[in-house]
Amino acid sequence: MSYAIDFSDQHVFVVGGTSGINLGIAKGFAQAGAKLSVLSRSQEKVDSAVSVLSGFGQQAVGYSADVRDYEAVKRAFVLAHEIQGNIDVLVSGAAGNFPAALLGMSSNGFRAVIDIDLIGTFHVLRTAHQFLKKPGASVINISAPQAFVPAPLQAHVCAAKAGVDMLTRVCALEWGADGIRVNSLVPGPIEGTEGMARLAPTPEILEAVRNSVPLGRLGQSEDIAKAALALASPFGEFVNGAVIPVDGGWALQGFGDMMDKLSHAFRGRDE
Ligand code: NAP
Ligand code: COA
């Protein structure tokens, strides 16, 4: 029985793996010996991520595609499979967010986030299954506390990520027989990311967030990478269908002060 965190020669595909938390996860796997595939819209970000990931010594490839475009997602997975082989670990983390009250959101604005986070995740799961190692693959969907903590200015993300966690649970049921595990990781507030820049745009709001984390600090991308590696490793081999917060205990007490402050900053922007 091996308990090593060693992904040598394994193929890890990180959707949305070109910046922030997802790139941090991709780097973690690359440092543990994996060959990486990444996908996101911006060719520039894809090229930069591939260059960084290749620096860890294994082959990395990347594709420019929008997860809202099912055919484009399929093309990317076919190409990645030809080069890197079956997928041992799939991380699905492409997402969009902006703070807006429900009454300040157009139909297209609400739909944009549902399309990227929820339908995009479906496109990724639907396409990836045929290329996953059976038995043995680990699928990690990147969720958010909004999936179970209702937050003002976040109707679209709350609805989308709650849907993502249900996709996790349904796929865990349907794919267990193939020997594929499917789980969600739920990052807390992660310092230096686009998500935090959007939800905590002032030093005052960021400080309120920091003070509301029971462990007394903001998370780092490495915190999420460590959890992803552990979950995909033999340490996680009986974990299936779980939604796992990695947030220093933050979500236990809701968004509280942070969203009050953000709502205050947005007052008057409805309609
Ligand atoms: P980020 O850097 O903006 O990461 C989002 C990634 O998804 C980027 O690589 C982006 O690249 C890609 N992407 C966005 N829209 C896409 C689309 N339509 N098709 C394909 N790729 C797309 O943000 P982050 O803050 O690190 O968030 C990463 C994940 O963690 C998200 O799932 C988010 O919901 C979750 N999360 C974040 C926090 C936080 O504190 N930041 C907390 C909880 C959960 P392109 O722009 O090139 O497409
Ligand atoms: N408030 C209200 N509505 C907003 C908005 C805001 N701050 N930002 C965008 N929208 C609306 C737009 O007005 C548009 O609706 P409309 O056509 O009725 O005007 C709709 O959202 C789509 O915007 P668009 O810019 O065309 O979408 P896009 O597909 O180019 O980008 C987003 C998608 C909006 C989610 C964009 O923020 C994005 O690409 N985000 C990725 C990065 C990210 O969010 N990272 C954090 C992850 S947690």
# chains A, B, ... in the order shown; residues from 1 in each chain; ligands from 1
>>> residues_near_ligand(ligand="ligand 2", cutoff="8 Å", atoms="only C-alpha atoms and all ligand atoms", output="MDAnalysis selection string")
chainID A and resid 94:101 104:113 116 193:196 198
>>> residues_around(residues="stretch 234-246 of chain A", least_positions_apart="2", cutoff="7 Å", atoms="only C-alpha atoms", output="NGL selection string")
:A and (3 or 165 or 168-169 or 172 or 181-188 or 224 or 230-232 or 248)
>>> closest_residue(among="A:Pro152, A:Gly192, A:Gly163, A:Gly120", to="A:Ile21", atoms="only C-alpha atoms")
A:Gly192
>>> residues_near_ligand(ligand="ligand 1", cutoff="8 Å", atoms="only C-alpha atoms and all ligand atoms", output="mmCIF file with all heavy atoms, in the first residue's frame")
data_model
loop_
_atom_site.group_PDB
_atom_site.id
_atom_site.type_symbol
_atom_site.label_atom_id
_atom_site.label_comp_id
_atom_site.auth_asym_id
_atom_site.auth_seq_id
_atom_site.Cartn_x
_atom_site.Cartn_y
_atom_site.Cartn_z
ATOM 1 N N VAL A 15 -9.167 22.644 -15.767
ATOM 2 C CA VAL A 15 -9.972 23.568 -16.574
ATOM 3 C C VAL A 15 -10.047 24.894 -15.826
ATOM 4 O O VAL A 15 -10.431 24.941 -14.656
ATOM 5 C CB VAL A 15 -11.378 22.985 -16.821
ATOM 6 C CG1 VAL A 15 -12.227 23.974 -17.602
ATOM 7 C CG2 VAL A 15 -11.261 21.658 -17.553
ATOM 8 N N GLY A 16 -9.674 25.977 -16.516
ATOM 9 C CA GLY A 16 -9.535 27.271 -15.848
ATOM 10 C C GLY A 16 -8.211 27.366 -15.110
ATOM 11 O O GLY A 16 -8.067 28.190 -14.203
ATOM 12 N N GLY A 17 -7.241 26.556 -15.541
ATOM 13 C CA GLY A 17 -5.981 26.464 -14.788
ATOM 14 C C GLY A 17 -4.920 27.461 -15.195
ATOM 15 O O GLY A 17 -3.727 27.182 -15.066
ATOM 16 N N THR A 18 -5.329 28.639 -15.660
ATOM 17 C CA THR A 18 -4.324 29.593 -16.151
ATOM 18 C C THR A 18 -4.112 30.785 -15.221
ATOM 19 O O THR A 18 -3.275 31.643 -15.511
ATOM 20 C CB THR A 18 -4.711 30.117 -17.556
ATOM 21 O OG1 THR A 18 -5.957 30.827 -17.459
ATOM 22 C CG2 THR A 18 -4.846 28.971 -18.542
ATOM 23 N N SER A 19 -4.872 30.870 -14.137
ATOM 24 C CA SER A 19 -4.624 31.955 -13.167
ATOM 25 C C SER A 19 -5.194 31.571 -11.811
ATOM 26 O O SER A 19 -5.946 30.601 -11.676
ATOM 27 C CB SER A 19 -5.224 33.293 -13.646
ATOM 28 O OG SER A 19 -6.626 33.208 -13.788
ATOM 29 N N GLY A 20 -4.802 32.350 -10.810
ATOM 30 C CA GLY A 20 -5.410 32.261 -9.482
ATOM 31 C C GLY A 20 -5.320 30.890 -8.837
ATOM 32 O O GLY A 20 -4.307 30.186 -8.916
ATOM 33 N N ILE A 21 -6.415 30.518 -8.184
ATOM 34 C CA ILE A 21 -6.472 29.268 -7.415
ATOM 35 C C ILE A 21 -6.200 28.054 -8.300
ATOM 36 O O ILE A 21 -5.442 27.146 -7.923
ATOM 37 C CB ILE A 21 -7.859 29.133 -6.755
ATOM 38 C CG1 ILE A 21 -8.049 30.223 -5.694
ATOM 39 C CG2 ILE A 21 -8.058 27.746 -6.161
ATOM 40 C CD1 ILE A 21 -9.461 30.321 -5.156
ATOM 41 N N ASN A 22 -6.806 28.039 -9.479
ATOM 42 C CA ASN A 22 -6.664 26.855 -10.353
ATOM 43 C C ASN A 22 -5.227 26.691 -10.849
ATOM 44 O O ASN A 22 -4.724 25.573 -10.953
ATOM 45 C CB ASN A 22 -7.609 26.947 -11.551
ATOM 46 C CG ASN A 22 -9.054 27.085 -11.137
ATOM 47 O OD1 ASN A 22 -9.494 26.438 -10.196
ATOM 48 N ND2 ASN A 22 -9.800 27.941 -11.833
ATOM 49 N N LEU A 23 -4.561 27.809 -11.160
ATOM 50 C CA LEU A 23 -3.148 27.724 -11.556
ATOM 51 C C LEU A 23 -2.317 27.238 -10.365
ATOM 52 O O LEU A 23 -1.386 26.443 -10.528
ATOM 53 C CB LEU A 23 -2.640 29.083 -12.058
ATOM 54 C CG LEU A 23 -1.159 29.133 -12.453
ATOM 55 C CD1 LEU A 23 -0.810 28.099 -13.534
ATOM 56 C CD2 LEU A 23 -0.763 30.542 -12.930
ATOM 57 N N LEU A 39 -6.842 24.700 -19.700
ATOM 58 C CA LEU A 39 -7.760 25.280 -20.697
ATOM 59 C C LEU A 39 -8.331 26.574 -20.122
ATOM 60 O O LEU A 39 -8.745 26.603 -18.959
ATOM 61 C CB LEU A 39 -8.880 24.272 -20.973
ATOM 62 C CG LEU A 39 -10.085 24.596 -21.846
ATOM 63 C CD1 LEU A 39 -10.773 23.298 -22.264
ATOM 64 C CD2 LEU A 39 -11.097 25.524 -21.189
ATOM 65 N N SER A 40 -8.330 27.645 -20.915
ATOM 66 C CA SER A 40 -9.108 28.845 -20.580
ATOM 67 C C SER A 40 -9.273 29.663 -21.857
ATOM 68 O O SER A 40 -8.756 29.271 -22.911
ATOM 69 C CB SER A 40 -8.462 29.652 -19.444
ATOM 70 O OG SER A 40 -7.454 30.511 -19.906
ATOM 71 N N ARG A 41 -9.989 30.797 -21.744
ATOM 72 C CA ARG A 41 -10.298 31.551 -22.968
ATOM 73 C C ARG A 41 -9.080 32.245 -23.567
ATOM 74 O O ARG A 41 -8.869 32.204 -24.779
ATOM 75 C CB ARG A 41 -11.366 32.619 -22.669
ATOM 76 C CG ARG A 41 -12.720 32.069 -22.339
ATOM 77 C CD ARG A 41 -13.594 33.157 -21.743
ATOM 78 N NE ARG A 41 -12.981 33.705 -20.532
ATOM 79 C CZ ARG A 41 -13.470 34.707 -19.811
ATOM 80 N NH1 ARG A 41 -14.602 35.295 -20.203
ATOM 81 N NH2 ARG A 41 -12.858 35.127 -18.724
ATOM 82 N N SER A 42 -8.309 32.902 -22.730
ATOM 83 C CA SER A 42 -7.243 33.777 -23.227
ATOM 84 C C SER A 42 -6.011 32.976 -23.656
ATOM 85 O O SER A 42 -5.374 32.305 -22.831
ATOM 86 C CB SER A 42 -6.870 34.765 -22.113
ATOM 87 O OG SER A 42 -5.551 35.205 -22.276
ATOM 88 N N GLN A 43 -5.654 33.084 -24.954
ATOM 89 C CA GLN A 43 -4.466 32.379 -25.454
ATOM 90 C C GLN A 43 -3.211 32.848 -24.713
ATOM 91 O O GLN A 43 -2.317 32.052 -24.414
ATOM 92 C CB GLN A 43 -4.317 32.613 -26.964
ATOM 93 C CG GLN A 43 -3.209 31.802 -27.622
ATOM 94 C CD GLN A 43 -3.470 30.290 -27.600
ATOM 95 O OE1 GLN A 43 -4.506 29.836 -28.077
ATOM 96 N NE2 GLN A 43 -2.546 29.506 -27.048
ATOM 97 N N GLU A 44 -3.186 34.136 -24.411
ATOM 98 C CA GLU A 44 -2.022 34.693 -23.699
ATOM 99 C C GLU A 44 -1.859 34.031 -22.316
ATOM 100 O O GLU A 44 -0.760 33.641 -21.920
ATOM 101 C CB GLU A 44 -2.237 36.197 -23.539
ATOM 102 C CG GLU A 44 -0.986 36.982 -23.322
ATOM 103 C CD GLU A 44 -1.308 38.472 -23.167
ATOM 104 O OE1 GLU A 44 -2.282 38.945 -23.782
ATOM 105 O OE2 GLU A 44 -0.592 39.128 -22.398
ATOM 106 N N LYS A 45 -2.976 33.907 -21.589
ATOM 107 C CA LYS A 45 -2.915 33.277 -20.264
ATOM 108 C C LYS A 45 -2.549 31.798 -20.385
ATOM 109 O O LYS A 45 -1.805 31.249 -19.568
ATOM 110 C CB LYS A 45 -4.251 33.443 -19.522
ATOM 111 C CG LYS A 45 -4.457 34.845 -18.980
ATOM 112 C CD LYS A 45 -5.829 35.045 -18.360
ATOM 113 C CE LYS A 45 -6.043 34.288 -17.068
ATOM 114 N NZ LYS A 45 -7.347 34.622 -16.436
ATOM 115 N N VAL A 46 -3.084 31.140 -21.429
ATOM 116 C CA VAL A 46 -2.766 29.716 -21.654
ATOM 117 C C VAL A 46 -1.259 29.558 -21.891
ATOM 118 O O VAL A 46 -0.598 28.716 -21.260
ATOM 119 C CB VAL A 46 -3.570 29.166 -22.858
ATOM 120 C CG1 VAL A 46 -3.029 27.806 -23.297
ATOM 121 C CG2 VAL A 46 -5.053 29.068 -22.519
ATOM 122 N N SER A 64 -6.907 27.178 -25.785
ATOM 123 C CA SER A 64 -7.806 28.312 -25.627
ATOM 124 C C SER A 64 -9.215 27.865 -26.015
ATOM 125 O O SER A 64 -9.451 27.452 -27.154
ATOM 126 C CB SER A 64 -7.336 29.451 -26.537
ATOM 127 O OG SER A 64 -8.374 30.376 -26.679
ATOM 128 N N ALA A 65 -10.131 27.904 -25.068
ATOM 129 C CA ALA A 65 -11.521 27.511 -25.329
ATOM 130 C C ALA A 65 -12.406 28.139 -24.268
ATOM 131 O O ALA A 65 -11.948 28.422 -23.162
ATOM 132 C CB ALA A 65 -11.672 25.989 -25.287
ATOM 133 N N ASP A 66 -13.659 28.360 -24.638
ATOM 134 C CA ASP A 66 -14.650 28.886 -23.690
ATOM 135 C C ASP A 66 -15.509 27.710 -23.246
ATOM 136 O O ASP A 66 -16.065 26.988 -24.087
ATOM 137 C CB ASP A 66 -15.512 29.946 -24.396
ATOM 138 C CG ASP A 66 -16.366 30.733 -23.417
ATOM 139 O OD1 ASP A 66 -16.957 30.113 -22.492
ATOM 140 O OD2 ASP A 66 -16.469 31.957 -23.587
ATOM 141 N N VAL A 67 -15.611 27.503 -21.921
ATOM 142 C CA VAL A 67 -16.365 26.330 -21.443
ATOM 143 C C VAL A 67 -17.851 26.398 -21.825
ATOM 144 O O VAL A 67 -18.552 25.390 -21.759
ATOM 145 C CB VAL A 67 -16.240 26.118 -19.909
ATOM 146 C CG1 VAL A 67 -14.834 25.703 -19.523
ATOM 147 C CG2 VAL A 67 -16.708 27.336 -19.127
ATOM 148 N N ARG A 68 -18.313 27.572 -22.243
ATOM 149 C CA ARG A 68 -19.710 27.682 -22.703
ATOM 150 C C ARG A 68 -19.892 27.043 -24.076
ATOM 151 O O ARG A 68 -21.019 26.817 -24.504
ATOM 152 C CB ARG A 68 -20.127 29.162 -22.735
ATOM 153 C CG ARG A 68 -20.251 29.758 -21.353
ATOM 154 C CD ARG A 68 -20.423 31.264 -21.372
ATOM 155 N NE ARG A 68 -19.176 31.951 -21.639
ATOM 156 C CZ ARG A 68 -18.976 33.255 -21.442
ATOM 157 N NH1 ARG A 68 -19.964 34.015 -21.005
ATOM 158 N NH2 ARG A 68 -17.801 33.806 -21.690
ATOM 159 N N SER A 92 -12.124 20.931 -12.382
ATOM 160 C CA SER A 92 -12.981 21.826 -13.169
ATOM 161 C C SER A 92 -13.231 23.096 -12.363
ATOM 162 O O SER A 92 -13.975 23.078 -11.379
ATOM 163 C CB SER A 92 -14.302 21.123 -13.500
ATOM 164 O OG SER A 92 -15.127 21.994 -14.232
ATOM 165 N N GLY A 93 -12.588 24.209 -12.783
ATOM 166 C CA GLY A 93 -12.657 25.412 -11.936
ATOM 167 C C GLY A 93 -12.900 26.711 -12.674
ATOM 168 O O GLY A 93 -12.793 27.786 -12.086
ATOM 169 N N ALA A 94 -13.266 26.634 -13.970
ATOM 170 C CA ALA A 94 -13.540 27.893 -14.686
ATOM 171 C C ALA A 94 -14.783 28.552 -14.088
ATOM 172 O O ALA A 94 -15.768 27.883 -13.815
ATOM 173 C CB ALA A 94 -13.750 27.619 -16.172
ATOM 174 N N ALA A 95 -14.708 29.862 -13.867
ATOM 175 C CA ALA A 95 -15.844 30.543 -13.239
ATOM 176 C C ALA A 95 -15.778 32.030 -13.519
ATOM 177 O O ALA A 95 -14.737 32.573 -13.877
ATOM 178 C CB ALA A 95 -15.833 30.302 -11.726
ATOM 179 N N GLY A 96 -16.927 32.665 -13.383
ATOM 180 C CA GLY A 96 -17.006 34.119 -13.501
ATOM 181 C C GLY A 96 -17.803 34.663 -12.337
ATOM 182 O O GLY A 96 -18.666 33.981 -11.785
ATOM 183 N N ASN A 97 -17.505 35.902 -11.954
ATOM 184 C CA ASN A 97 -18.233 36.519 -10.841
ATOM 185 C C ASN A 97 -18.152 38.030 -10.962
ATOM 186 O O ASN A 97 -17.154 38.566 -11.448
ATOM 187 C CB ASN A 97 -17.632 36.077 -9.501
ATOM 188 C CG ASN A 97 -18.522 36.439 -8.312
ATOM 189 O OD1 ASN A 97 -19.609 37.001 -8.486
ATOM 190 N ND2 ASN A 97 -18.067 36.130 -7.123
ATOM 191 N N ASP A 115 -23.982 30.061 -17.190
ATOM 192 C CA ASP A 115 -23.400 29.390 -18.365
ATOM 193 C C ASP A 115 -21.958 28.965 -18.117
ATOM 194 O O ASP A 115 -21.549 27.868 -18.499
ATOM 195 C CB ASP A 115 -23.424 30.326 -19.576
ATOM 196 C CG ASP A 115 -24.734 30.235 -20.341
ATOM 197 O OD1 ASP A 115 -25.550 29.344 -20.035
ATOM 198 O OD2 ASP A 115 -24.944 31.070 -21.248
ATOM 199 N N ILE A 116 -21.181 29.859 -17.492
ATOM 200 C CA ILE A 116 -19.758 29.527 -17.281
ATOM 201 C C ILE A 116 -19.629 28.481 -16.169
ATOM 202 O O ILE A 116 -19.034 27.415 -16.363
ATOM 203 C CB ILE A 116 -18.941 30.786 -16.905
ATOM 204 C CG1 ILE A 116 -18.981 31.827 -18.026
ATOM 205 C CG2 ILE A 116 -17.483 30.396 -16.600
ATOM 206 C CD1 ILE A 116 -18.445 33.200 -17.636
ATOM 207 N N ASP A 117 -20.201 28.789 -15.000
ATOM 208 C CA ASP A 117 -19.946 27.940 -13.820
ATOM 209 C C ASP A 117 -20.680 26.601 -13.906
ATOM 210 O O ASP A 117 -20.084 25.548 -13.678
ATOM 211 C CB ASP A 117 -20.403 28.654 -12.540
ATOM 212 C CG ASP A 117 -19.593 29.910 -12.226
ATOM 213 O OD1 ASP A 117 -19.036 30.520 -13.153
ATOM 214 O OD2 ASP A 117 -19.536 30.284 -11.040
ATOM 215 N N GLY A 120 -20.929 25.181 -17.988
ATOM 216 C CA GLY A 120 -19.528 24.904 -18.333
ATOM 217 C C GLY A 120 -19.027 23.655 -17.614
ATOM 218 O O GLY A 120 -18.352 22.812 -18.205
ATOM 219 N N ILE A 142 -14.397 22.773 -8.498
ATOM 220 C CA ILE A 142 -14.115 23.889 -7.593
ATOM 221 C C ILE A 142 -15.412 24.669 -7.368
ATOM 222 O O ILE A 142 -15.956 25.288 -8.289
ATOM 223 C CB ILE A 142 -13.014 24.810 -8.160
ATOM 224 C CG1 ILE A 142 -11.740 24.004 -8.470
ATOM 225 C CG2 ILE A 142 -12.719 25.942 -7.167
ATOM 226 C CD1 ILE A 142 -11.114 23.276 -7.290
ATOM 227 N N SER A 143 -15.900 24.600 -6.155
ATOM 228 C CA SER A 143 -17.151 25.270 -5.804
ATOM 229 C C SER A 143 -16.837 26.583 -5.075
ATOM 230 O O SER A 143 -15.757 27.158 -5.244
ATOM 231 C CB SER A 143 -17.979 24.317 -4.933
ATOM 232 O OG SER A 143 -19.223 24.886 -4.633
ATOM 233 N N ALA A 144 -17.773 27.065 -4.293
ATOM 234 C CA ALA A 144 -17.576 28.295 -3.513
ATOM 235 C C ALA A 144 -18.551 28.253 -2.340
ATOM 236 O O ALA A 144 -19.600 27.588 -2.420
ATOM 237 C CB ALA A 144 -17.830 29.531 -4.375
ATOM 238 N N PRO A 145 -18.245 28.991 -1.252
ATOM 239 C CA PRO A 145 -19.167 28.996 -0.107
ATOM 240 C C PRO A 145 -20.566 29.479 -0.494
ATOM 241 O O PRO A 145 -21.544 29.109 0.155
ATOM 242 C CB PRO A 145 -18.503 29.965 0.882
ATOM 243 C CG PRO A 145 -17.060 29.990 0.486
ATOM 244 C CD PRO A 145 -17.028 29.779 -0.996
ATOM 245 N N GLN A 146 -20.655 30.284 -1.553
ATOM 246 C CA GLN A 146 -21.973 30.766 -1.997
ATOM 247 C C GLN A 146 -22.916 29.609 -2.336
ATOM 248 O O GLN A 146 -24.127 29.805 -2.438
ATOM 249 C CB GLN A 146 -21.821 31.665 -3.248
ATOM 250 C CG GLN A 146 -21.181 33.013 -2.983
ATOM 251 C CD GLN A 146 -19.675 32.993 -3.171
ATOM 252 O OE1 GLN A 146 -19.018 32.010 -2.839
ATOM 253 N NE2 GLN A 146 -19.123 34.078 -3.683
ATOM 254 N N VAL A 157 -24.020 33.502 -8.591
ATOM 255 C CA VAL A 157 -22.995 32.553 -8.134
ATOM 256 C C VAL A 157 -23.595 31.536 -7.159
ATOM 257 O O VAL A 157 -23.273 30.343 -7.217
ATOM 258 C CB VAL A 157 -21.806 33.310 -7.489
ATOM 259 C CG1 VAL A 157 -20.783 32.333 -6.933
ATOM 260 C CG2 VAL A 157 -21.161 34.232 -8.510
ATOM 261 N N LYS A 161 -23.169 27.712 -8.227
ATOM 262 C CA LYS A 161 -22.286 26.810 -7.479
ATOM 263 C C LYS A 161 -23.090 25.760 -6.698
ATOM 264 O O LYS A 161 -22.606 24.640 -6.493
ATOM 265 C CB LYS A 161 -21.362 27.601 -6.558
ATOM 266 C CG LYS A 161 -20.334 28.485 -7.299
ATOM 267 C CD LYS A 161 -19.244 27.673 -8.007
ATOM 268 C CE LYS A 161 -18.062 28.545 -8.412
ATOM 269 N NZ LYS A 161 -16.982 27.822 -9.086
ATOM 270 N N VAL A 186 -14.198 23.515 -1.762
ATOM 271 C CA VAL A 186 -14.823 24.828 -1.586
ATOM 272 C C VAL A 186 -13.798 25.779 -0.963
ATOM 273 O O VAL A 186 -13.640 25.813 0.265
ATOM 274 C CB VAL A 186 -16.052 24.724 -0.656
ATOM 275 C CG1 VAL A 186 -16.786 26.051 -0.615
ATOM 276 C CG2 VAL A 186 -16.967 23.593 -1.088
ATOM 277 N N PRO A 187 -13.092 26.558 -1.801
ATOM 278 C CA PRO A 187 -12.108 27.481 -1.223
ATOM 279 C C PRO A 187 -12.800 28.563 -0.398
ATOM 280 O O PRO A 187 -13.920 28.972 -0.695
ATOM 281 C CB PRO A 187 -11.451 28.120 -2.460
ATOM 282 C CG PRO A 187 -11.819 27.241 -3.617
ATOM 283 C CD PRO A 187 -13.134 26.620 -3.265
ATOM 284 N N GLY A 188 -12.111 29.014 0.634
ATOM 285 C CA GLY A 188 -12.555 30.208 1.354
ATOM 286 C C GLY A 188 -11.996 31.440 0.668
ATOM 287 O O GLY A 188 -11.710 31.407 -0.530
ATOM 288 N N PRO A 189 -11.813 32.541 1.398
ATOM 289 C CA PRO A 189 -11.261 33.756 0.787
ATOM 290 C C PRO A 189 -9.757 33.599 0.547
ATOM 291 O O PRO A 189 -8.996 33.433 1.493
ATOM 292 C CB PRO A 189 -11.531 34.836 1.850
ATOM 293 C CG PRO A 189 -11.656 34.106 3.136
ATOM 294 C CD PRO A 189 -12.112 32.711 2.836
ATOM 295 N N ILE A 190 -9.356 33.608 -0.711
ATOM 296 C CA ILE A 190 -7.964 33.319 -1.063
ATOM 297 C C ILE A 190 -7.269 34.605 -1.518
ATOM 298 O O ILE A 190 -7.683 35.241 -2.493
ATOM 299 C CB ILE A 190 -7.890 32.225 -2.160
ATOM 300 C CG1 ILE A 190 -8.676 30.964 -1.728
ATOM 301 C CG2 ILE A 190 -6.433 31.891 -2.461
ATOM 302 C CD1 ILE A 190 -8.226 30.311 -0.433
ATOM 303 N N GLU A 191 -6.218 34.933 -0.799
ATOM 304 C CA GLU A 191 -5.516 36.208 -1.002
ATOM 305 C C GLU A 191 -4.930 36.326 -2.408
ATOM 306 O O GLU A 191 -4.429 35.354 -2.969
ATOM 307 C CB GLU A 191 -4.375 36.310 0.030
ATOM 308 C CG GLU A 191 -3.761 37.670 0.130
ATOM 309 C CD GLU A 191 -2.963 37.821 1.425
ATOM 310 O OE1 GLU A 191 -2.477 36.804 1.971
ATOM 311 O OE2 GLU A 191 -2.841 38.974 1.888
ATOM 312 N N GLY A 192 -5.019 37.525 -2.965
ATOM 313 C CA GLY A 192 -4.352 37.816 -4.228
ATOM 314 C C GLY A 192 -5.042 37.256 -5.458
ATOM 315 O O GLY A 192 -4.427 37.172 -6.527
ATOM 316 N N THR A 193 -6.317 36.880 -5.340
ATOM 317 C CA THR A 193 -7.009 36.283 -6.485
ATOM 318 C C THR A 193 -8.012 37.273 -7.095
ATOM 319 O O THR A 193 -8.430 38.229 -6.449
ATOM 320 C CB THR A 193 -7.781 35.022 -6.058
ATOM 321 O OG1 THR A 193 -8.719 35.380 -5.031
ATOM 322 C CG2 THR A 193 -6.842 33.955 -5.543
ATOM 323 N N GLU A 194 -8.408 36.975 -8.321
ATOM 324 C CA GLU A 194 -9.400 37.797 -9.014
ATOM 325 C C GLU A 194 -10.731 37.781 -8.260
ATOM 326 O O GLU A 194 -11.409 38.799 -8.135
ATOM 327 C CB GLU A 194 -9.581 37.256 -10.451
ATOM 328 C CG GLU A 194 -10.518 38.064 -11.324
ATOM 329 C CD GLU A 194 -10.055 39.500 -11.525
ATOM 330 O OE1 GLU A 194 -8.836 39.748 -11.544
ATOM 331 O OE2 GLU A 194 -10.925 40.379 -11.661
ATOM 332 N N GLY A 195 -11.080 36.615 -7.750
ATOM 333 C CA GLY A 195 -12.346 36.502 -7.008
ATOM 334 C C GLY A 195 -12.369 37.441 -5.810
ATOM 335 O O GLY A 195 -13.357 38.144 -5.573
ATOM 336 N N MET A 196 -11.269 37.495 -5.068
ATOM 337 C CA MET A 196 -11.231 38.372 -3.892
ATOM 338 C C MET A 196 -11.164 39.836 -4.300
ATOM 339 O O MET A 196 -11.730 40.703 -3.637
ATOM 340 C CB MET A 196 -10.040 38.007 -2.995
ATOM 341 C CG MET A 196 -10.290 36.815 -2.119
ATOM 342 S SD MET A 196 -11.847 36.926 -1.204
ATOM 343 C CE MET A 196 -11.431 38.103 0.062
ATOM 344 N N ALA A 197 -10.478 40.113 -5.415
ATOM 345 C CA ALA A 197 -10.405 41.507 -5.883
ATOM 346 C C ALA A 197 -11.811 42.029 -6.198
ATOM 347 O O ALA A 197 -12.122 43.200 -5.988
ATOM 348 C CB ALA A 197 -9.513 41.598 -7.119
ATOM 349 N N GLY A 219 -6.762 32.696 3.096
ATOM 350 C CA GLY A 219 -6.150 31.509 2.512
ATOM 351 C C GLY A 219 -5.168 31.886 1.412
ATOM 352 O O GLY A 219 -5.172 33.008 0.906
ATOM 353 N N SER A 221 -3.367 30.255 -2.339
ATOM 354 C CA SER A 221 -3.640 29.236 -3.371
ATOM 355 C C SER A 221 -3.026 27.891 -2.992
ATOM 356 O O SER A 221 -3.592 26.830 -3.285
ATOM 357 C CB SER A 221 -3.084 29.681 -4.721
ATOM 358 O OG SER A 221 -3.806 30.798 -5.163
#
>>> select_by_dssp(residues="stretch 131-244 of chain A", states="strand (DSSP E or B)", output="number ranges by chain")
A: 132, 138-142, 181-187, 190, 219, 243-244
>>> closest_residue(among="A:His81, A:Arg210, A:Lys226, A:His129", to="A:Val38", atoms="only C-alpha atoms")
A:His81
>>> closest_residue(among="A:Asn211, A:Ser51, A:Ser138, A:Thr202", to="A:Gly176", atoms="only C-alpha atoms")
A:Ser138
>>> select_by_dssp(residues="stretch 75-231 of chain A", states="helix (DSSP H, G or I)", output="ChimeraX atom specification")
/A:75-84,102-104,107-131,145-147,155-178,194-199,203-212,221-231
>>> closest_residue(among="A:Ala4, A:Ala200, A:Val50, A:Leu132", to="A:Asp178", atoms="only C-alpha atoms")
A:Leu132
>>> atom_distance(atom1="atom CA of A:Gly28", atom2="atom CA of A:Val14")
11.3 Å
>>> closest_residue(among="A:Pro203, A:Gly216, A:Pro135, A:Gly24", to="A:Met258", atoms="only C-alpha atoms")
A:Pro203
>>> decode(residues="stretch 128-143 of chain A", atoms="C-alpha atoms", output="PDB file, in the first residue's frame")
ATOM      1  CA  ALA A 128     -14.056  14.320 -19.912  1.00  0.00           C
ATOM      2  CA  HIS A 129     -15.679  11.058 -18.783  1.00  0.00           C
ATOM      3  CA  GLN A 130     -14.583   9.126 -21.895  1.00  0.00           C
ATOM      4  CA  PHE A 131     -10.947  10.145 -21.279  1.00  0.00           C
ATOM      5  CA  LEU A 132     -10.821   9.482 -17.515  1.00  0.00           C
ATOM      6  CA  LYS A 133      -8.774   6.564 -16.186  1.00  0.00           C
ATOM      7  CA  LYS A 134     -11.178   3.775 -15.178  1.00  0.00           C
ATOM      8  CA  PRO A 135     -10.866   2.715 -12.458  1.00  0.00           C
ATOM      9  CA  GLY A 136      -8.879   5.271 -10.517  1.00  0.00           C
ATOM     10  CA  ALA A 137      -9.617   8.788 -11.765  1.00  0.00           C
ATOM     11  CA  SER A 138     -10.350  11.613  -9.335  1.00  0.00           C
ATOM     12  CA  VAL A 139     -12.566  14.535 -10.375  1.00  0.00           C
ATOM     13  CA  ILE A 140     -12.508  17.756  -8.348  1.00  0.00           C
ATOM     14  CA  ASN A 141     -15.048  20.490  -9.019  1.00  0.00           C
ATOM     15  CA  ILE A 142     -14.115  23.889  -7.593  1.00  0.00           C
ATOM     16  CA  SER A 143     -17.151  25.270  -5.804  1.00  0.00           C
TER      17      SER A 143
END
